[in-house]
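Below is coords-v3.txt, which holds compact mmCIF, C-alpha atoms.
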# COMPACT_ATOMS: atom_id res chain seq x y z
CA MET A 537 16.65 -17.24 -24.16
CA SER A 538 20.04 -18.42 -25.38
CA GLY A 539 21.64 -20.91 -22.99
CA PHE A 540 18.65 -21.04 -20.66
CA ARG A 541 17.73 -24.50 -19.40
CA LYS A 542 15.08 -25.47 -16.87
CA ILE A 543 17.06 -27.47 -14.35
CA THR A 544 13.87 -27.80 -12.30
CA GLU A 545 12.44 -29.93 -15.13
CA THR A 546 15.33 -32.36 -15.39
CA PRO A 547 14.51 -36.01 -14.61
CA SER A 548 14.53 -37.14 -11.00
CA PRO A 549 17.52 -39.30 -10.05
CA TYR A 550 15.04 -41.62 -8.35
CA ARG A 551 13.30 -44.17 -10.58
CA HIS A 552 10.19 -46.33 -10.33
CA LEU A 553 8.83 -44.46 -7.33
CA GLU A 554 5.62 -46.48 -7.44
CA THR A 555 7.58 -49.61 -6.50
CA MET A 556 9.37 -48.13 -3.47
CA PRO A 557 8.38 -48.95 0.13
CA VAL A 558 7.00 -45.92 1.96
CA ARG A 559 10.06 -45.49 4.17
CA GLU A 560 12.34 -45.50 1.14
CA LEU A 561 10.17 -42.84 -0.50
CA LEU A 562 10.30 -40.66 2.59
CA ALA A 563 14.05 -41.13 3.00
CA GLY A 564 14.55 -40.05 -0.62
CA ILE A 565 12.42 -36.93 -0.18
CA ASN A 566 14.29 -36.07 2.99
CA ALA A 567 17.66 -36.57 1.30
CA GLU A 568 16.66 -34.09 -1.40
CA ASP A 569 15.26 -31.61 1.13
CA ARG A 570 18.60 -31.52 2.94
CA LYS A 571 20.13 -29.96 -0.16
CA VAL A 572 17.85 -26.91 -0.03
CA ALA A 573 19.50 -24.98 2.81
CA ASP A 574 22.89 -25.19 1.10
CA ALA A 575 21.37 -23.86 -2.11
CA VAL A 576 19.74 -20.98 -0.23
CA SER A 577 23.02 -20.09 1.46
CA GLN A 578 24.55 -19.38 -1.95
CA ALA A 579 21.89 -16.72 -2.53
CA ILE A 580 22.46 -14.79 0.71
CA PRO A 581 24.50 -11.97 -0.92
CA ARG A 582 21.62 -11.18 -3.27
CA VAL A 583 19.04 -11.40 -0.47
CA ALA A 584 21.16 -9.01 1.58
CA GLU A 585 21.35 -6.60 -1.36
CA LEU A 586 17.57 -6.59 -1.57
CA VAL A 587 16.99 -6.06 2.16
CA GLU A 588 19.58 -3.28 2.31
CA GLN A 589 17.71 -1.38 -0.38
CA LEU A 590 14.25 -2.35 0.82
CA VAL A 591 14.45 -1.15 4.43
CA PRO A 592 15.25 2.53 3.67
CA ARG A 593 12.43 2.62 1.12
CA MET A 594 9.94 1.22 3.60
CA ARG A 595 11.07 3.68 6.25
CA GLN A 596 9.98 6.40 3.84
CA GLY A 597 6.57 4.84 3.32
CA GLY A 598 7.31 2.33 0.57
CA ARG A 599 5.61 -1.06 0.40
CA LEU A 600 6.75 -4.56 -0.47
CA PHE A 601 4.84 -6.50 -3.12
CA TYR A 602 5.21 -10.21 -3.85
CA ILE A 603 3.83 -11.40 -7.18
CA GLY A 604 3.67 -14.95 -8.51
CA ALA A 605 1.54 -17.78 -9.85
CA GLY A 606 0.64 -21.22 -8.48
CA THR A 607 2.78 -22.40 -5.56
CA SER A 608 5.06 -19.37 -5.92
CA GLY A 609 2.14 -16.98 -5.69
CA ARG A 610 0.65 -18.80 -2.71
CA LEU A 611 3.94 -18.61 -0.84
CA GLY A 612 4.13 -14.87 -1.44
CA VAL A 613 0.57 -14.35 -0.20
CA LEU A 614 1.35 -16.50 2.84
CA ASP A 615 4.42 -14.49 3.79
CA ALA A 616 2.60 -11.19 3.31
CA SER A 617 -0.37 -12.35 5.40
CA GLU A 618 1.86 -13.13 8.38
CA ILE A 619 3.41 -9.66 8.68
CA LEU A 620 0.46 -8.02 10.45
CA PRO A 621 -0.02 -10.62 13.22
CA THR A 622 3.69 -11.29 13.72
CA TYR A 623 5.09 -7.77 13.59
CA GLY A 624 2.06 -5.51 14.02
CA MET A 625 2.68 -3.71 10.75
CA PRO A 626 -0.37 -1.98 9.24
CA GLN A 627 -2.40 -3.90 6.69
CA GLY A 628 -1.20 -3.20 3.16
CA VAL A 629 2.49 -2.61 3.88
CA VAL A 630 3.43 -6.06 2.55
CA ILE A 631 1.09 -7.29 -0.19
CA GLY A 632 0.95 -10.64 -1.98
CA LEU A 633 -0.58 -10.93 -5.46
CA ILE A 634 -1.30 -14.25 -7.19
CA ALA A 635 -2.26 -14.89 -10.80
CA GLY A 636 -5.96 -15.65 -10.87
CA GLY A 637 -6.74 -13.76 -7.67
CA GLU A 638 -7.98 -15.16 -4.38
CA ALA A 639 -9.64 -18.14 -6.05
CA ALA A 640 -6.16 -19.34 -7.07
CA LEU A 641 -5.14 -19.69 -3.43
CA ARG A 642 -7.22 -22.86 -3.15
CA CYS A 643 -7.74 -24.05 -6.71
CA SER A 644 -5.67 -23.84 -9.87
CA VAL A 645 -6.85 -21.08 -12.20
CA GLU A 646 -5.87 -22.35 -15.62
CA ARG A 647 -3.73 -20.12 -17.83
CA ALA A 648 -3.88 -17.16 -15.42
CA GLU A 649 -0.08 -17.17 -15.29
CA ASP A 650 0.12 -16.72 -19.07
CA ALA A 651 -1.46 -13.23 -18.99
CA GLU A 652 1.66 -11.08 -19.34
CA ASP A 653 -0.02 -7.73 -18.62
CA ALA A 654 -2.27 -8.91 -15.76
CA GLY A 655 0.33 -8.58 -13.00
CA TRP A 656 1.16 -5.02 -13.95
CA GLN A 657 -2.52 -4.07 -14.04
CA GLU A 658 -3.05 -5.55 -10.57
CA LEU A 659 -0.08 -3.61 -9.24
CA LEU A 660 -1.43 -0.40 -10.74
CA ALA A 661 -4.65 -0.92 -8.80
CA HIS A 662 -2.56 -0.44 -5.64
CA ASP A 663 -1.32 3.02 -6.75
CA LEU A 664 2.34 2.06 -7.10
CA SER A 665 4.91 4.52 -5.80
CA PRO A 666 8.62 4.91 -6.70
CA LEU A 667 9.32 3.91 -3.09
CA ASP A 668 7.63 0.53 -3.53
CA THR A 669 9.52 -2.71 -4.20
CA VAL A 670 8.18 -5.61 -6.27
CA VAL A 671 9.53 -9.15 -5.85
CA GLY A 672 8.57 -11.64 -8.58
CA ILE A 673 8.48 -15.29 -7.50
CA ALA A 674 8.70 -18.05 -10.11
CA ALA A 675 10.43 -21.38 -9.62
CA SER A 676 10.72 -21.94 -13.38
CA GLY A 677 11.74 -18.36 -14.10
CA THR A 678 9.49 -18.26 -17.16
CA THR A 679 6.07 -17.15 -15.84
CA PRO A 680 4.67 -14.42 -18.18
CA TYR A 681 2.49 -12.94 -15.40
CA VAL A 682 5.66 -12.25 -13.39
CA ILE A 683 7.94 -11.28 -16.28
CA GLY A 684 5.50 -8.69 -17.60
CA ALA A 685 5.04 -7.11 -14.17
CA LEU A 686 8.78 -6.88 -13.47
CA ARG A 687 9.54 -5.37 -16.86
CA ARG A 688 6.88 -2.70 -16.49
CA CYS A 689 8.04 -1.93 -12.95
CA ARG A 690 11.63 -1.45 -14.07
CA ASP A 691 10.46 0.83 -16.87
CA ALA A 692 8.61 2.87 -14.22
CA GLY A 693 11.69 3.13 -11.99
CA ILE A 694 10.38 0.79 -9.28
CA LEU A 695 12.91 -1.47 -7.55
CA THR A 696 12.45 -5.10 -8.56
CA ALA A 697 13.80 -8.45 -7.39
CA SER A 698 13.07 -12.05 -8.28
CA ILE A 699 13.23 -15.46 -6.64
CA THR A 700 13.82 -18.30 -9.11
CA CYS A 701 15.25 -21.82 -9.09
CA ASN A 702 16.77 -21.93 -12.59
CA PRO A 703 19.90 -19.98 -13.55
CA ASP A 704 19.78 -17.11 -16.06
CA SER A 705 16.01 -17.24 -16.50
CA PRO A 706 13.79 -14.63 -18.19
CA VAL A 707 12.35 -13.64 -14.80
CA ALA A 708 15.85 -13.05 -13.41
CA GLN A 709 16.75 -10.99 -16.47
CA ALA A 710 13.71 -8.77 -15.81
CA ALA A 711 14.71 -8.00 -12.20
CA ASP A 712 17.16 -5.49 -10.73
CA ILE A 713 18.15 -7.98 -8.04
CA PRO A 714 17.84 -11.61 -9.22
CA ILE A 715 17.88 -14.15 -6.39
CA GLU A 716 18.62 -17.57 -7.86
CA VAL A 717 18.36 -20.64 -5.63
CA ILE A 718 19.41 -23.61 -7.73
CA THR A 719 17.78 -26.63 -6.12
CA GLY A 720 18.14 -29.04 -9.05
CA ALA A 721 15.89 -31.89 -10.09
CA GLU A 722 12.86 -32.66 -7.95
CA PHE A 723 12.16 -36.03 -6.32
CA VAL A 724 9.07 -36.20 -8.54
CA THR A 725 10.22 -34.80 -11.88
CA GLY A 726 9.09 -31.19 -12.34
CA SER A 727 7.15 -30.98 -9.05
CA THR A 728 8.50 -27.60 -7.98
CA ARG A 729 6.16 -27.38 -5.02
CA MET A 730 8.77 -29.59 -3.33
CA LYS A 731 12.42 -28.45 -3.12
CA ALA A 732 11.90 -25.28 -5.14
CA GLY A 733 8.88 -24.33 -3.05
CA THR A 734 10.80 -24.99 0.16
CA ALA A 735 13.66 -22.81 -1.08
CA GLN A 736 11.31 -19.99 -1.99
CA LYS A 737 9.67 -20.14 1.45
CA MET A 738 13.08 -19.98 3.12
CA VAL A 739 14.12 -16.94 1.07
CA LEU A 740 10.81 -15.18 1.78
CA ASN A 741 11.32 -15.84 5.50
CA MET A 742 14.76 -14.25 5.25
CA ILE A 743 13.53 -11.19 3.33
CA SER A 744 10.56 -10.39 5.56
CA THR A 745 12.25 -11.22 8.86
CA ALA A 746 15.41 -9.20 8.15
CA THR A 747 13.29 -6.32 6.86
CA MET A 748 11.05 -6.25 9.92
CA ILE A 749 14.12 -6.32 12.19
CA GLY A 750 15.56 -3.45 10.17
CA LEU A 751 12.32 -1.51 10.65
CA GLY A 752 12.56 -1.92 14.43
CA ARG A 753 9.74 -4.44 14.79
CA VAL A 754 11.94 -6.79 16.84
CA VAL A 755 13.67 -5.90 20.11
CA ASP A 756 16.49 -8.22 21.16
CA ASN A 757 15.00 -11.42 19.72
CA ARG A 758 11.36 -10.75 20.54
CA MET A 759 8.26 -9.96 18.47
CA VAL A 760 7.26 -7.04 20.69
CA TYR A 761 4.70 -5.70 18.21
CA MET A 762 2.84 -8.98 17.63
CA GLN A 763 -0.95 -8.96 17.71
CA LEU A 764 -2.43 -10.37 20.91
CA ALA A 765 -4.86 -12.53 19.01
CA ASN A 766 -5.22 -15.52 21.35
CA GLU A 767 -4.36 -16.88 24.79
CA LYS A 768 -1.03 -18.31 23.62
CA LEU A 769 0.13 -14.90 22.40
CA LEU A 770 -1.13 -13.13 25.52
CA ASP A 771 0.91 -15.55 27.61
CA ARG A 772 3.96 -15.09 25.37
CA GLY A 773 3.67 -11.30 25.60
CA THR A 774 3.23 -11.42 29.36
CA ARG A 775 6.41 -13.44 29.76
CA MET A 776 8.30 -11.00 27.53
CA ILE A 777 7.27 -8.17 29.88
CA MET A 778 8.24 -10.23 32.93
CA ASP A 779 11.70 -10.88 31.46
CA SER A 780 12.24 -7.20 30.67
CA THR A 781 10.82 -5.65 33.83
CA GLY A 782 10.90 -8.26 36.59
CA LEU A 783 7.17 -7.76 37.20
CA PRO A 784 5.13 -10.74 38.46
CA TYR A 785 2.97 -12.58 35.95
CA GLU A 786 -0.43 -11.09 36.81
CA THR A 787 0.90 -7.53 36.93
CA ALA A 788 2.69 -7.99 33.61
CA ARG A 789 -0.46 -9.43 32.02
CA LYS A 790 -2.58 -6.53 33.23
CA ARG A 791 -0.10 -4.05 31.79
CA LEU A 792 -0.07 -5.93 28.49
CA GLN A 793 -3.85 -5.82 28.27
CA GLU A 794 -3.89 -2.15 29.28
CA TYR A 795 -1.35 -0.99 26.69
CA GLY A 796 -2.18 -3.47 23.92
CA SER A 797 1.37 -4.48 22.97
CA VAL A 798 4.58 -5.63 24.58
CA SER A 799 6.51 -2.64 23.28
CA ARG A 800 4.08 -0.06 24.68
CA ALA A 801 3.76 -1.86 28.00
CA ILE A 802 7.55 -1.98 28.48
CA ALA A 803 7.96 1.65 27.35
CA ALA A 804 5.32 2.77 29.87
CA TRP A 805 6.99 0.78 32.66
CA GLU A 806 10.39 2.31 31.81
CA LYS A 807 8.87 5.81 31.78
CA ASP A 808 7.23 5.22 35.17
CA ASN A 809 10.51 4.01 36.66
CA ILE A 810 12.47 6.93 35.25
CA SER A 811 9.92 9.34 36.72
CA THR A 812 10.09 7.60 40.11
CA ALA A 813 13.88 7.74 40.08
CA ASP A 814 13.82 11.45 39.21
CA GLU A 815 11.41 12.19 42.06
CA SER A 816 13.64 10.40 44.55
Please express what this file holds, its structure, as structure tokens.
Amino acid sequence: MSGFRKITETPSPYRHLETMPVRELLAGINAEDRKVADAVSQAIPRVAELVEQLVPRMRQGGRLFYIGAGTSGRLGVLDASEILPTYGMPQGVVIGLIAGGEAALRCSVERAEDAEDAGWQELLAHDLSPLDTVVGIAASGTTPYVIGALRRCRDAGILTASITCNPDSPVAQAADIPIEVITGAEFVTGSTRMKAGTAQKMVLNMISTATMIGLGRVVDNRMVYMQLANEKLLDRGTRMIMDSTGLPYETARKRLQEYGSVSRAIAAWEKDNISTADES
């Protein structure tokens, strides 16, 4: 593409890393990491544009797909996997796809990202709907697996977005809403699992969190639909009920276990209290 340059591949400003003391290495990595949040802040208008279009689609039954390769793909799968336990959304509402399939989550699957039609075929297997949204994630902005999927989605009238770390990339050109987080050269030249990966994780956090809030899965600042999967979460949920109702700990815990979620337990308590007030 004319004028396109991979800033993520430019040489690190740090030289002869192998000769640095450990503390100097760590200080350099930290100095670079501090630049990431500022880069992400520049992309907030585009992230907002995506969320504002995504929430109404999901309210009508649409789903959110993340698609990527390597670190980018793993980050998408990670974010998708956390939606069910954190917000209690049904399985399959947010879906992460990675080039090379599940095996690529742990080990590199060589050349999987070069298959331009593979991403689209994997999306088709999920019975894509016009209400669905597909977000392509690629630090370089040149991954064929992602480009092919976004192009085919746009042709099919499906809303698309992208998260990249190079300006004016082919992936961004293929998306309706290009989110560009320009993090610059990496501490280790070209190692985009570092600053670029951190930036992508931050943007994914913003997208999924703002979307779940928009869908009513957060009340005040609390994850009232979280799965009660362990003792820590049972305790957290119990204390949420205590704060909202004034009930003692053991009573709140029993209600939580009876109703299965913070939201249902609080709603039942409020209903009981309204009924009692009406009777009096």
Q: Can you work out which one of A:Gly677, A:Gly609, A:Pro666, A:Pro549 has the shortest atom-to-atom distance to Leu695 (chain A), counting all atoms listed in the file?
A: A:Pro666
Q: Have a look at A:Glu646, A:Glu618, A:Glu560, A:Asp663 and name the one nearest to Leu740 (chain A); count only C-alpha atoms.
A: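 For Leu740 (chain A), the nearest of the given residues is A:Glu618.
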Q. Do you know which residues are at most 12 Å from region 728-734 of chain A counting only C-alpha atoms, after dropping those on the same chain fewer than 2 positions away, and could you put them as number ranges by chain?
A. A: 542-546, 548, 565-576, 605-612, 673-677, 699-702, 716-726, 736-741
Q: Using CA of Tyr550 (chain A) and CA of Ser577 (chain A) as the two end points, give the distance in Å to one decimal.
A: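 Spanning CA of Tyr550 (chain A) to CA of Ser577 (chain A) is a straight-line distance of 25.0 Å.
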Q. What residues have an atom no more than 12 Å from (-2.3, -4.8, -13.3) in the file's own frame, counting all atoms listed in the file, and can you write them as a PyMOL selection string?
A. chain A and resi 603+633-637+651-664+681-682+684-686+688-689
Would you write out those residues with C-alpha atoms, as a PDB file, in the coordinates of the input?
ATOM      1  CA  ILE A 603       3.830 -11.400  -7.180  1.00  0.00           C
ATOM      2  CA  LEU A 633      -0.580 -10.930  -5.460  1.00  0.00           C
ATOM      3  CA  ILE A 634      -1.300 -14.250  -7.190  1.00  0.00           C
ATOM      4  CA  ALA A 635      -2.260 -14.890 -10.800  1.00  0.00           C
ATOM      5  CA  GLY A 636      -5.960 -15.650 -10.870  1.00  0.00           C
ATOM      6  CA  GLY A 637      -6.740 -13.760  -7.670  1.00  0.00           C
ATOM      7  CA  ALA A 651      -1.460 -13.230 -18.990  1.00  0.00           C
ATOM      8  CA  GLU A 652       1.660 -11.080 -19.340  1.00  0.00           C
ATOM      9  CA  ASP A 653      -0.020  -7.730 -18.620  1.00  0.00           C
ATOM     10  CA  ALA A 654      -2.270  -8.910 -15.760  1.00  0.00           C
ATOM     11  CA  GLY A 655       0.330  -8.580 -13.000  1.00  0.00           C
ATOM     12  CA  TRP A 656       1.160  -5.020 -13.950  1.00  0.00           C
ATOM     13  CA  GLN A 657      -2.520  -4.070 -14.040  1.00  0.00           C
ATOM     14  CA  GLU A 658      -3.050  -5.550 -10.570  1.00  0.00           C
ATOM     15  CA  LEU A 659      -0.080  -3.610  -9.240  1.00  0.00           C
ATOM     16  CA  LEU A 660      -1.430  -0.400 -10.740  1.00  0.00           C
ATOM     17  CA  ALA A 661      -4.650  -0.920  -8.800  1.00  0.00           C
ATOM     18  CA  HIS A 662      -2.560  -0.440  -5.640  1.00  0.00           C
ATOM     19  CA  ASP A 663      -1.320   3.020  -6.750  1.00  0.00           C
ATOM     20  CA  LEU A 664       2.340   2.060  -7.100  1.00  0.00           C
ATOM     21  CA  TYR A 681       2.490 -12.940 -15.400  1.00  0.00           C
ATOM     22  CA  VAL A 682       5.660 -12.250 -13.390  1.00  0.00           C
ATOM     23  CA  GLY A 684       5.500  -8.690 -17.600  1.00  0.00           C
ATOM     24  CA  ALA A 685       5.040  -7.110 -14.170  1.00  0.00           C
ATOM     25  CA  LEU A 686       8.780  -6.880 -13.470  1.00  0.00           C
ATOM     26  CA  ARG A 688       6.880  -2.700 -16.490  1.00  0.00           C
ATOM     27  CA  CYS A 689       8.040  -1.930 -12.950  1.00  0.00           C
TER      28      CYS A 689
END
